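**Student:** Before anything else, here's the structure in question.
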Amino acid sequence: MIIKVLTMTGKELENGGAAPVEKAVKLPAGLHPDQPLPEHVAFIMDGNRRWARQRGLPPEMGYVTAVRTLSAIIELCVEWNIKAATCYTFSTENWGRPGEEIDFLMKLIEKTLAEKVETYMRKGVRTSVIGDTTKLPQSLQDAIKSTEEITKNNTNFHMVLAISYSGQEEITDACRSLCEKVKAGLIEPKDVTKSLIEQQLQTNIMKFPNPDLLVRTGGDIRISNFLLWQTAYSELYFEEKLWPDLAEEDFTKALISFQQRKRRFGK
């Protein structure tokens with residue numbers, strides 16, 4: 001099935017906003033163009049170390065393969081006109097893993113950002129990071145800032161990496177920020193609303209901050225402290241396959257499941 005959408009790359013915006021380009025989008029069998037696709041998909045990319053262990057490989061190889069899977073899935077999101085993805089890359093709890101494993105992953109993320117920035121610009125992908133980035137190696141912090149700055153005007157797709165991230169900490173920080181505003185006399189307690197809290201969350205950088213669909217691989221049925229506020233009304237999809245094994249047909253099944261659901265938002 002083919003539909004047409006308008007796209008504009010970051011370079012075109014940078015050059016004064018050339019006219020958007022009409023692009024034919026071919027959806028895979030089973031997806032219906034008259035049914036909405038999620039604008040924002042969240043991914044819990046679980047099972048990378050198990051994937052490596054099952055093959056007698058070091059955990060680092062699971063991460064390398066996971067990056068390839070993520071790149072392929074993001075390509076599909078862009079191709080099918082999904083607008084955003086938030087990817088649970090490294091949680092605050094993951095700091096308890098072996099130091100050499102963490103060092104490898106941090107260097108892999110830094111290397112991937114540097115290698116992919118030209119692709120992001122060509123595809124019109126904006127890249128951002130949420131989480132406590134102050135705990136990351138300085139070289140990775142620098143790579144994140146550079147990538148965010150270079151891609152900030154891209155509008156086709158927004159890829160957000162959650163690194164050193166905790167949903168509970170994000171909400172705690174938002175509450176602390178509002179308490180400081182009340183203490184400073186900038187707002188009254190009665191002024192605190194759902195909308196005001198959302199403005200304090202790190203996902204306030206996104207046009208579509210609340211995921212329509214959350215996909216978790218690896219067989220576990222939980223959301224593990226990920227986007228706790230934002231997923232209040234997300235559709236949840238749990239996939240048995242480990243993240244490195246996730247293929248186009250698996251992602252398609254998740255989207256088909258999404259299209260078959262009735263979203264009532266409590267009404």
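The way I read the labels, and the way they are meant: chains A, B, ... in the order of the structure tokens, residue 1 as the first residue of every chain, and ligand 1 as the first ligand shown, with later ones counted on from there.
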Quick one: everything within 10 Å of Leu76 in chain A, counting only C-alpha atoms, minus sequence neighbours fewer than 4 positions away in the same chain. Send it as a short mmCIF file (atom, residue, chain, number, x, y, z; two decimals) with N, CA and C atoms, in the first residue's frame.

**Tutor:**
data_model
loop_
_atom_site.label_atom_id
_atom_site.label_comp_id
_atom_site.auth_asym_id
_atom_site.auth_seq_id
_atom_site.Cartn_x
_atom_site.Cartn_y
_atom_site.Cartn_z
N LEU A 27 3.75 1.06 2.62
CA LEU A 27 3.57 0.37 3.88
C LEU A 27 3.57 -1.14 3.66
N LEU A 70 18.71 -1.07 16.02
CA LEU A 70 18.11 0.24 16.23
C LEU A 70 18.17 1.08 14.95
N SER A 71 19.29 1.05 14.27
CA SER A 71 19.42 1.82 13.02
C SER A 71 18.39 1.36 12.00
N ALA A 72 18.17 0.05 11.90
CA ALA A 72 17.21 -0.48 10.95
C ALA A 72 15.78 -0.08 11.33
N TRP A 80 8.15 5.06 7.13
CA TRP A 80 6.70 4.91 7.28
C TRP A 80 6.04 6.13 7.90
N ASN A 81 6.79 7.22 8.03
CA ASN A 81 6.26 8.51 8.48
C ASN A 81 5.82 8.52 9.94
N ILE A 82 6.41 7.66 10.75
CA ILE A 82 6.29 7.79 12.20
C ILE A 82 7.17 8.98 12.60
N GLU A 248 11.94 -6.35 10.64
CA GLU A 248 10.84 -5.54 10.08
C GLU A 248 9.50 -6.21 10.32
N PHE A 251 8.34 -5.62 13.95
CA PHE A 251 7.87 -4.25 14.16
C PHE A 251 6.53 -4.04 13.48
N THR A 252 6.37 -4.61 12.29
CA THR A 252 5.10 -4.51 11.58
C THR A 252 3.97 -5.12 12.40
#

**Student:** Identify, on the basis of only C-alpha atoms, every residue whose closest approach to Glu110 in chain A does not exceed 12 Å; exclude the query and any residue fewer than 6 positions from it along the same chain; express the result as a PyMOL selection string.

**Tutor:** chain A and resi 67+103-104+116-117+136-147+163

**Student:** With distances taken over only C-alpha atoms, which of A:His158, A:Arg222, A:His40, A:Arg49 is nearest to Leu105 in chain A?

**Tutor:** A:Arg49

**Student:** Select, from A:Glu198, A:Asp212, A:Asp191, A:Asp245, the residue with the minimum atom-to-atom distance to Thr231 in chain A, counting only C-alpha atoms.

**Tutor:**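 Checking each of A:Glu198, A:Asp212, A:Asp191, A:Asp245 against Thr231 in chain A, counting only C-alpha atoms, the winner is A:Asp212.
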
**Student:** For each of A:Asp132, A:Glu39, A:Glu188, A:Glu235, take the minimum atom-to-atom distance to Ala85 in chain A, counting only C-alpha atoms, then give the residue where this is smallest.

**Tutor:** A:Glu39

**Student:** Which value, in Å to one decimal, gives the distance between CA of Leu236 in chain A and CA of Ile102 in chain A?

**Tutor:** 28.5 Å
